[in-house]
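Just entry-v9.pdb here, PDB, C-alpha atoms, pLDDT in the B column:
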MODEL        1
ATOM      1  CA  MET A   1     -16.679 -76.309 -82.207  1.00 55.00           C
ATOM      2  CA  THR A   2     -15.251 -73.264 -83.963  1.00 63.00           C
ATOM      3  CA  ILE A   3     -13.928 -73.323 -87.512  1.00 65.00           C
ATOM      4  CA  SER A   4     -10.295 -73.055 -86.363  1.00 69.00           C
ATOM      5  CA  GLN A   5     -10.783 -75.943 -83.898  1.00 64.00           C
ATOM      6  CA  GLU A   6     -12.416 -78.005 -86.627  1.00 65.00           C
ATOM      7  CA  GLN A   7      -9.527 -77.254 -89.008  1.00 69.00           C
ATOM      8  CA  SER A   8      -7.001 -78.171 -86.314  1.00 71.00           C
ATOM      9  CA  HIS A   9      -8.905 -81.387 -85.601  1.00 65.00           C
ATOM     10  CA  MET A  10      -8.934 -82.204 -89.335  1.00 71.00           C
ATOM     11  CA  LYS A  11      -5.180 -81.544 -89.645  1.00 77.00           C
ATOM     12  CA  THR A  12      -4.520 -83.860 -86.712  1.00 74.00           C
ATOM     13  CA  LEU A  13      -6.689 -86.566 -88.237  1.00 73.00           C
ATOM     14  CA  LEU A  14      -4.978 -86.208 -91.620  1.00 80.00           C
ATOM     15  CA  GLY A  15      -1.594 -86.367 -89.888  1.00 80.00           C
ATOM     16  CA  TRP A  16      -2.511 -89.656 -88.214  1.00 77.00           C
ATOM     17  CA  LEU A  17      -3.862 -91.029 -91.482  1.00 81.00           C
ATOM     18  CA  ALA A  18      -0.562 -90.137 -93.177  1.00 86.00           C
ATOM     19  CA  ILE A  19       1.386 -91.887 -90.408  1.00 85.00           C
ATOM     20  CA  ALA A  20      -0.866 -94.955 -90.721  1.00 82.00           C
ATOM     21  CA  LEU A  21      -0.306 -95.025 -94.482  1.00 86.00           C
ATOM     22  CA  ILE A  22       3.476 -94.786 -94.045  1.00 90.00           C
ATOM     23  CA  ILE A  23       3.455 -97.616 -91.463  1.00 87.00           C
ATOM     24  CA  THR A  24       1.309 -99.718 -93.785  1.00 86.00           C
ATOM     25  CA  VAL A  25       3.585 -99.209 -96.785  1.00 89.00           C
ATOM     26  CA  ILE A  26       6.799 -99.805 -94.827  1.00 90.00           C
ATOM     27  CA  GLY A  27       5.301-102.843 -93.083  1.00 85.00           C
ATOM     28  CA  PHE A  28       3.996-104.258 -96.338  1.00 88.00           C
ATOM     29  CA  ILE A  29       7.243-103.832 -98.280  1.00 88.00           C
ATOM     30  CA  GLY A  30       9.430-104.977 -95.389  1.00 86.00           C
ATOM     31  CA  LEU A  31       7.399-108.038 -94.470  1.00 85.00           C
ATOM     32  CA  TYR A  32       6.804-109.049 -98.068  1.00 87.00           C
ATOM     33  CA  THR A  33      10.539-108.847 -98.722  1.00 86.00           C
ATOM     34  CA  LEU A  34      11.300-110.938 -95.623  1.00 82.00           C
ATOM     35  CA  THR A  35       8.691-113.627 -96.305  1.00 78.00           C
ATOM     36  CA  ARG A  36       8.638-113.758-100.118  1.00 77.00           C
ATOM     37  CA  ASN A  37      11.191-116.559-100.416  1.00 75.00           C
ATOM     38  CA  ALA A  38      10.057-118.501 -97.359  1.00 74.00           C
ATOM     39  CA  HIS A  39       6.410-118.686 -98.390  1.00 75.00           C
ATOM     40  CA  GLY A  40       6.651-118.375-102.165  1.00 80.00           C
ATOM     41  CA  MET A  41       3.904-115.764-102.533  1.00 85.00           C
ATOM     42  CA  GLU A  42       3.558-113.159-105.201  1.00 88.00           C
ATOM     43  CA  ILE A  43       2.951-109.584-104.049  1.00 88.00           C
ATOM     44  CA  GLY A  44      -0.767-109.645-104.903  1.00 89.00           C
ATOM     45  CA  GLU A  45      -1.356-112.878-103.005  1.00 91.00           C
ATOM     46  CA  TYR A  46       0.587-111.551-100.024  1.00 90.00           C
ATOM     47  CA  GLY A  47      -1.373-108.276-100.130  1.00 90.00           C
ATOM     48  CA  GLY A  48      -4.703-110.087-100.147  1.00 92.00           C
ATOM     49  CA  LYS A  49      -3.742-112.320 -97.230  1.00 92.00           C
ATOM     50  CA  ALA A  50      -2.286-109.383 -95.290  1.00 92.00           C
ATOM     51  CA  PHE A  51      -5.548-107.472 -95.805  1.00 93.00           C
ATOM     52  CA  ILE A  52      -7.579-110.458 -94.546  1.00 94.00           C
ATOM     53  CA  SER A  53      -5.374-110.616 -91.451  1.00 93.00           C
ATOM     54  CA  TRP A  54      -5.641-106.860 -90.901  1.00 93.00           C
ATOM     55  CA  PHE A  55      -9.419-106.880 -91.328  1.00 94.00           C
ATOM     56  CA  MET A  56      -9.894-109.843 -88.990  1.00 95.00           C
ATOM     57  CA  GLY A  57      -7.831-108.019 -86.369  1.00 93.00           C
ATOM     58  CA  PHE A  58     -10.003-104.926 -86.859  1.00 93.00           C
ATOM     59  CA  PHE A  59     -13.343-106.752 -86.846  1.00 90.00           C
ATOM     60  CA  PRO A  60     -14.794-107.084 -83.316  1.00 88.00           C
ATOM     61  CA  MET A  61     -15.831-110.715 -83.724  1.00 85.00           C
ATOM     62  CA  PHE A  62     -12.327-112.040 -84.442  1.00 90.00           C
ATOM     63  CA  GLU A  63      -9.790-109.552 -83.112  1.00 89.00           C
ATOM     64  CA  ILE A  64      -6.419-111.002 -82.113  1.00 89.00           C
ATOM     65  CA  TYR A  65      -7.636-114.513 -81.294  1.00 90.00           C
ATOM     66  CA  GLY A  66      -9.055-115.095 -84.767  1.00 93.00           C
ATOM     67  CA  ALA A  67      -6.690-112.973 -86.825  1.00 94.00           C
ATOM     68  CA  VAL A  68      -3.376-114.521 -85.759  1.00 95.00           C
ATOM     69  CA  PRO A  69      -4.369-118.178 -86.332  1.00 95.00           C
ATOM     70  CA  ALA A  70      -6.169-117.388 -89.588  1.00 94.00           C
ATOM     71  CA  SER A  71      -3.241-115.447 -91.023  1.00 93.00           C
ATOM     72  CA  TYR A  72      -0.795-118.114 -89.887  1.00 92.00           C
ATOM     73  CA  PHE A  73      -2.811-120.809 -91.639  1.00 92.00           C
ATOM     74  CA  LEU A  74      -3.122-118.586 -94.723  1.00 91.00           C
ATOM     75  CA  GLY A  75       0.662-118.948 -94.930  1.00 89.00           C
ATOM     76  CA  LEU A  76       1.804-115.511 -93.822  1.00 89.00           C
ATOM     77  CA  GLY A  77       4.268-116.856 -91.271  1.00 86.00           C
ATOM     78  CA  ILE A  78       4.822-115.699 -87.716  1.00 91.00           C
ATOM     79  CA  LEU A  79       6.060-112.141 -88.306  1.00 91.00           C
ATOM     80  CA  SER A  80       3.423-111.176 -90.860  1.00 91.00           C
ATOM     81  CA  SER A  81       0.658-112.841 -88.857  1.00 92.00           C
ATOM     82  CA  ILE A  82       1.595-110.871 -85.771  1.00 94.00           C
ATOM     83  CA  PHE A  83       2.151-107.546 -87.536  1.00 93.00           C
ATOM     84  CA  TRP A  84      -1.054-107.458 -89.610  1.00 94.00           C
ATOM     85  CA  ALA A  85      -3.293-108.833 -86.848  1.00 94.00           C
ATOM     86  CA  VAL A  86      -1.916-106.400 -84.250  1.00 95.00           C
ATOM     87  CA  TYR A  87      -2.025-103.480 -86.674  1.00 93.00           C
ATOM     88  CA  GLY A  88      -5.653-104.207 -87.509  1.00 94.00           C
ATOM     89  CA  ASN A  89      -6.483-104.655 -83.855  1.00 93.00           C
ATOM     90  CA  LEU A  90      -5.062-101.250 -82.904  1.00 91.00           C
ATOM     91  CA  VAL A  91      -6.971 -99.227 -85.497  1.00 91.00           C
ATOM     92  CA  PRO A  92     -10.178 -99.252 -83.378  1.00 90.00           C
ATOM     93  CA  VAL A  93      -8.391 -97.246 -80.661  1.00 89.00           C
ATOM     94  CA  TRP A  94      -8.056 -94.339 -83.099  1.00 86.00           C
ATOM     95  CA  VAL A  95     -11.532 -94.856 -84.559  1.00 87.00           C
ATOM     96  CA  ILE A  96     -13.020 -94.706 -81.065  1.00 87.00           C
ATOM     97  CA  HIS A  97     -10.855 -91.744 -80.065  1.00 84.00           C
ATOM     98  CA  TYR A  98     -11.885 -89.626 -83.041  1.00 81.00           C
ATOM     99  CA  GLY A  99     -15.481 -90.834 -82.818  1.00 83.00           C
ATOM    100  CA  TYR A 100     -15.527 -89.845 -79.161  1.00 80.00           C
ATOM    101  CA  GLU A 101     -14.099 -86.428 -79.992  1.00 78.00           C
ATOM    102  CA  TYR A 102     -16.768 -86.000 -82.658  1.00 77.00           C
ATOM    103  CA  LEU A 103     -19.538 -86.986 -80.231  1.00 77.00           C
ATOM    104  CA  MET A 104     -18.225 -84.444 -77.743  1.00 76.00           C
ATOM    105  CA  THR A 105     -19.174 -81.678 -80.203  1.00 78.00           C
ATOM    106  CA  TYR A 106     -22.839 -82.332 -79.400  1.00 78.00           C
ATOM    107  CA  PRO A 107     -23.805 -80.570 -76.133  1.00 82.00           C
ATOM    108  CA  ARG A 108     -26.311 -83.205 -74.919  1.00 82.00           C
ATOM    109  CA  ILE A 109     -23.934 -86.084 -75.509  1.00 76.00           C
ATOM    110  CA  GLN A 110     -21.019 -84.114 -74.082  1.00 76.00           C
ATOM    111  CA  LYS A 111     -22.982 -83.453 -70.893  1.00 78.00           C
ATOM    112  CA  TRP A 112     -23.859 -87.148 -70.535  1.00 74.00           C
ATOM    113  CA  LEU A 113     -20.290 -88.345 -71.237  1.00 71.00           C
ATOM    114  CA  LYS A 114     -18.788 -85.779 -68.840  1.00 72.00           C
ATOM    115  CA  ARG A 115     -20.991 -87.145 -66.046  1.00 71.00           C
ATOM    116  CA  LEU A 116     -19.456 -90.596 -66.559  1.00 67.00           C
ATOM    117  CA  SER A 117     -15.966 -89.343 -65.981  1.00 67.00           C
ATOM    118  CA  SER A 118     -15.194 -87.162 -62.989  1.00 71.00           C
ATOM    119  CA  GLU A 119     -11.729 -85.756 -62.308  1.00 77.00           C
ATOM    120  CA  LYS A 120     -11.225 -88.423 -59.632  1.00 77.00           C
ATOM    121  CA  VAL A 121     -12.170 -91.248 -62.025  1.00 75.00           C
ATOM    122  CA  GLN A 122      -9.846 -89.848 -64.704  1.00 76.00           C
ATOM    123  CA  GLN A 123      -6.928 -89.734 -62.274  1.00 80.00           C
ATOM    124  CA  ARG A 124      -7.560 -93.291 -61.123  1.00 80.00           C
ATOM    125  CA  MET A 125      -8.016 -94.500 -64.688  1.00 78.00           C
ATOM    126  CA  ASN A 126      -4.735 -92.944 -65.809  1.00 77.00           C
ATOM    127  CA  ARG A 127      -2.927 -94.255 -62.742  1.00 81.00           C
ATOM    128  CA  TYR A 128      -4.315 -97.771 -62.284  1.00 81.00           C
ATOM    129  CA  GLY A 129      -6.277 -98.331 -65.479  1.00 83.00           C
ATOM    130  CA  VAL A 130      -3.129 -99.286 -67.364  1.00 85.00           C
ATOM    131  CA  TRP A 131      -3.168-102.623 -65.552  1.00 89.00           C
ATOM    132  CA  ALA A 132      -6.720-103.213 -66.678  1.00 87.00           C
ATOM    133  CA  VAL A 133      -5.733-102.355 -70.239  1.00 87.00           C
ATOM    134  CA  LEU A 134      -2.686-104.640 -70.125  1.00 88.00           C
ATOM    135  CA  ILE A 135      -4.531-107.614 -68.682  1.00 88.00           C
ATOM    136  CA  LEU A 136      -8.073-107.278 -69.999  1.00 86.00           C
ATOM    137  CA  THR A 137      -7.674-105.941 -73.545  1.00 86.00           C
ATOM    138  CA  PRO A 138      -7.206-109.329 -75.227  1.00 83.00           C
ATOM    139  CA  TRP A 139     -10.018-110.821 -73.131  1.00 86.00           C
ATOM    140  CA  THR A 140     -12.644-108.106 -73.483  1.00 88.00           C
ATOM    141  CA  GLY A 141     -11.554-106.978 -76.928  1.00 89.00           C
ATOM    142  CA  ILE A 142     -10.017-103.719 -78.053  1.00 91.00           C
ATOM    143  CA  TRP A 143     -13.360-102.169 -78.978  1.00 90.00           C
ATOM    144  CA  ALA A 144     -14.857-102.629 -75.503  1.00 88.00           C
ATOM    145  CA  MET A 145     -11.648-101.656 -73.725  1.00 89.00           C
ATOM    146  CA  ALA A 146     -11.088 -98.516 -75.816  1.00 89.00           C
ATOM    147  CA  ILE A 147     -14.690 -97.350 -75.393  1.00 86.00           C
ATOM    148  CA  THR A 148     -14.610 -97.948 -71.638  1.00 85.00           C
ATOM    149  CA  ALA A 149     -11.189 -96.383 -71.106  1.00 86.00           C
ATOM    150  CA  ARG A 150     -12.072 -93.375 -73.260  1.00 84.00           C
ATOM    151  CA  ALA A 151     -15.437 -92.826 -71.557  1.00 81.00           C
ATOM    152  CA  LEU A 152     -13.766 -92.991 -68.144  1.00 83.00           C
ATOM    153  CA  GLY A 153     -11.192 -90.403 -69.186  1.00 81.00           C
ATOM    154  CA  MET A 154      -8.026 -92.374 -69.820  1.00 85.00           C
ATOM    155  CA  ASN A 155      -5.400 -90.469 -71.770  1.00 85.00           C
ATOM    156  CA  ILE A 156      -5.344 -91.682 -75.403  1.00 86.00           C
ATOM    157  CA  GLY A 157      -1.554 -91.984 -75.448  1.00 88.00           C
ATOM    158  CA  ARG A 158      -1.512 -94.244 -72.404  1.00 89.00           C
ATOM    159  CA  LEU A 159      -4.396 -96.307 -73.756  1.00 90.00           C
ATOM    160  CA  PHE A 160      -2.688 -96.773 -77.114  1.00 90.00           C
ATOM    161  CA  MET A 161       0.708 -97.615 -75.603  1.00 92.00           C
ATOM    162  CA  PHE A 162      -0.548-100.192 -73.119  1.00 92.00           C
ATOM    163  CA  ALA A 163      -3.061-101.705 -75.545  1.00 92.00           C
ATOM    164  CA  THR A 164      -0.212-102.104 -78.062  1.00 93.00           C
ATOM    165  CA  ILE A 165       1.953-103.878 -75.499  1.00 94.00           C
ATOM    166  CA  SER A 166      -0.874-106.153 -74.385  1.00 93.00           C
ATOM    167  CA  ILE A 167      -2.075-107.099 -77.854  1.00 94.00           C
ATOM    168  CA  THR A 168       1.449-107.658 -79.165  1.00 95.00           C
ATOM    169  CA  VAL A 169       2.396-109.937 -76.269  1.00 95.00           C
ATOM    170  CA  TYR A 170      -0.759-112.026 -76.734  1.00 93.00           C
ATOM    171  CA  ALA A 171      -0.205-112.179 -80.514  1.00 95.00           C
ATOM    172  CA  VAL A 172       3.381-113.352 -80.044  1.00 96.00           C
ATOM    173  CA  VAL A 173       2.285-116.016 -77.564  1.00 95.00           C
ATOM    174  CA  ILE A 174      -0.490-117.229 -79.886  1.00 94.00           C
ATOM    175  CA  ALA A 175       1.701-117.299 -83.011  1.00 94.00           C
ATOM    176  CA  THR A 176       4.658-118.925 -81.268  1.00 94.00           C
ATOM    177  CA  THR A 177       2.474-121.565 -79.633  1.00 94.00           C
ATOM    178  CA  MET A 178       0.803-122.329 -82.946  1.00 91.00           C
ATOM    179  CA  ASP A 179       4.120-122.537 -84.777  1.00 90.00           C
ATOM    180  CA  LEU A 180       5.607-124.867 -82.165  1.00 92.00           C
ATOM    181  CA  GLY A 181       2.458-127.006 -82.229  1.00 91.00           C
ATOM    182  CA  VAL A 182       2.428-127.276 -86.021  1.00 89.00           C
ATOM    183  CA  LYS A 183       6.119-128.172 -86.075  1.00 89.00           C
ATOM    184  CA  ALA A 184       5.628-130.781 -83.330  1.00 91.00           C
ATOM    185  CA  VAL A 185       2.687-132.400 -85.119  1.00 91.00           C
ATOM    186  CA  SER A 186       4.286-132.313 -88.564  1.00 86.00           C
ATOM    187  CA  GLY A 187       7.691-133.409 -87.288  1.00 79.00           C
ATOM    188  CA  GLY A 188       9.329-130.237 -88.664  1.00 64.00           C
TER     189      GLY A 188
ENDMDL
END
Hey, can you dump this file as structure tokens for me?
Amino acid sequence: MTISQEQSHMKTLLGWLAIALIITVIGFIGLYTLTRNAHGMEIGEYGGKAFISWFMGFFPMFEIYGAVPASYFLGLGILSSIFWAVYGNLVPVWVIHYGYEYLMTYPRIQKWLKRLSSEKVQQRMNRYGVWAVLILTPWTGIWAMAITARALGMNIGRLFMFATISITVYAVVIATTMDLGVKAVSGG
């Protein structure tokens, strides 16, 4: 990788980090404002619980199936539970993307990874792989899906878009089902 390519790569990474920071701040302020009265949390308590939800969504052992219920039972409510769990669960897509790009700078690894993904496989992955991403992401986990899709040559934009749709739909179903169940059991 040349110095100009490395600088360009670093600018892109810093741009994405800036976007992630803006989304985090807007999400935090917006969701805290919406849920402050309903759940009676101070900003520090909300921040700690939001971080736990985000981290559980990011961590491969919990992902969306552990993060949404845990954050709901921490008292974050439906919207915050969904947002922080999904947000944490999508971060690995970018971690894997930039890690993959970094690994491609090593000739031996690049040669091995290129053999995994022929032009034909890339075309099929970008054409039909979206269905696999939509259906299998919550079941296999975002880490496994992102690594597989990236190694087989799926476009990062398509992977991110369809993983976002899939994870968000599953998070909404989980949170809504839990909320309805809690209300039915508690008589609320």
Excluding A:Gly88 and any residue of its chain fewer than 6 positions from it, enumerate the residues within 9 Å of it, using all atoms listed in the file, and give them as an mmCIF file with C-alpha atoms, in the frame of the given file.
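Result file result_26.cif:
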data_model
loop_
_atom_site.group_PDB
_atom_site.id
_atom_site.type_symbol
_atom_site.label_atom_id
_atom_site.label_comp_id
_atom_site.auth_asym_id
_atom_site.auth_seq_id
_atom_site.Cartn_x
_atom_site.Cartn_y
_atom_site.Cartn_z
ATOM 1 C CA PHE A 51 -5.548 -107.472 -95.805
ATOM 2 C CA SER A 53 -5.374 -110.616 -91.451
ATOM 3 C CA TRP A 54 -5.641 -106.860 -90.901
ATOM 4 C CA PHE A 55 -9.419 -106.880 -91.328
ATOM 5 C CA MET A 56 -9.894 -109.843 -88.990
ATOM 6 C CA GLY A 57 -7.831 -108.019 -86.369
ATOM 7 C CA PHE A 58 -10.003 -104.926 -86.859
ATOM 8 C CA PHE A 59 -13.343 -106.752 -86.846
ATOM 9 C CA GLU A 63 -9.790 -109.552 -83.112
ATOM 10 C CA ILE A 64 -6.419 -111.002 -82.113
ATOM 11 C CA ALA A 67 -6.690 -112.973 -86.825
#
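With atom CA of A:Ala171 on one side and atom CA of A:Val68 on the other, the separation reads 6.6 Å.
Of the residues under consideration (A:Phe83, A:Tyr46, A:Trp94, A:Tyr72), A:Trp94 shows the shortest atom-to-atom contact distance to A:Thr12 when counting only C-alpha atoms.
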Expansion of the PyMOL selection byres ((chain A and resi 134) around 10) into residues, as a list in words: Gly129, Val130, Trp131, Ala132, Val133, Ile135, Leu136, Thr137, Pro138, Leu159, Met161, Phe162, Ala163, Thr164, Ile165, Ser166, Ile167 and Val169 of chain A
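Among the candidate residues A:Met104, A:Val182, A:Ala146, A:Ile82, the one lying nearest to A:Pro60 is A:Ala146, with distances computed using only C-alpha atoms.
The spacing separating atom CA of A:Ile78 from atom CA of A:Ala184 amounts to 15.7 Å.
One distance worth recording is that between atom CA of A:Gly48 and atom CA of A:Ser80, which is 12.4 Å.
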Taking all atoms listed in the file into account, name the residue in A:Ala50, A:Gly27, A:Tyr98, A:Leu103 that is nearest to A:Leu14. A:Tyr98
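For the file at hand, the PyMOL selection byres ((chain A and resi 122-127) around 10) resolves to Leu116, Ser117, Ser118, Glu119, Lys120, Val121, Tyr128, Gly129, Val130, Trp131, Ala132, Val133, Ala149, Arg150, Ala151, Leu152, Gly153, Met154, Asn155, Ile156, Arg158 and Leu159 of chain A.
Running the PyMOL selection byres ((chain A and resi 143) around 8) on this file leaves Pro60, Pro92, Val93, Ile96, Gly141, Ile142, Ala144, Met145, Ala146 and Ile147 of chain A selected.
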Can you tell me, as a list in words, what residues are no more than 10 Å from A:Phe28 when counting only C-alpha atoms, ignoring any on the same chain fewer than 2 positions away? Ile22, Ile23, Thr24, Val25, Ile26, Gly30, Leu31, Tyr32, Thr33, Leu34, Ile43, Tyr46, Gly47, Ala50, Ser80, Phe83 and Trp84 of chain A
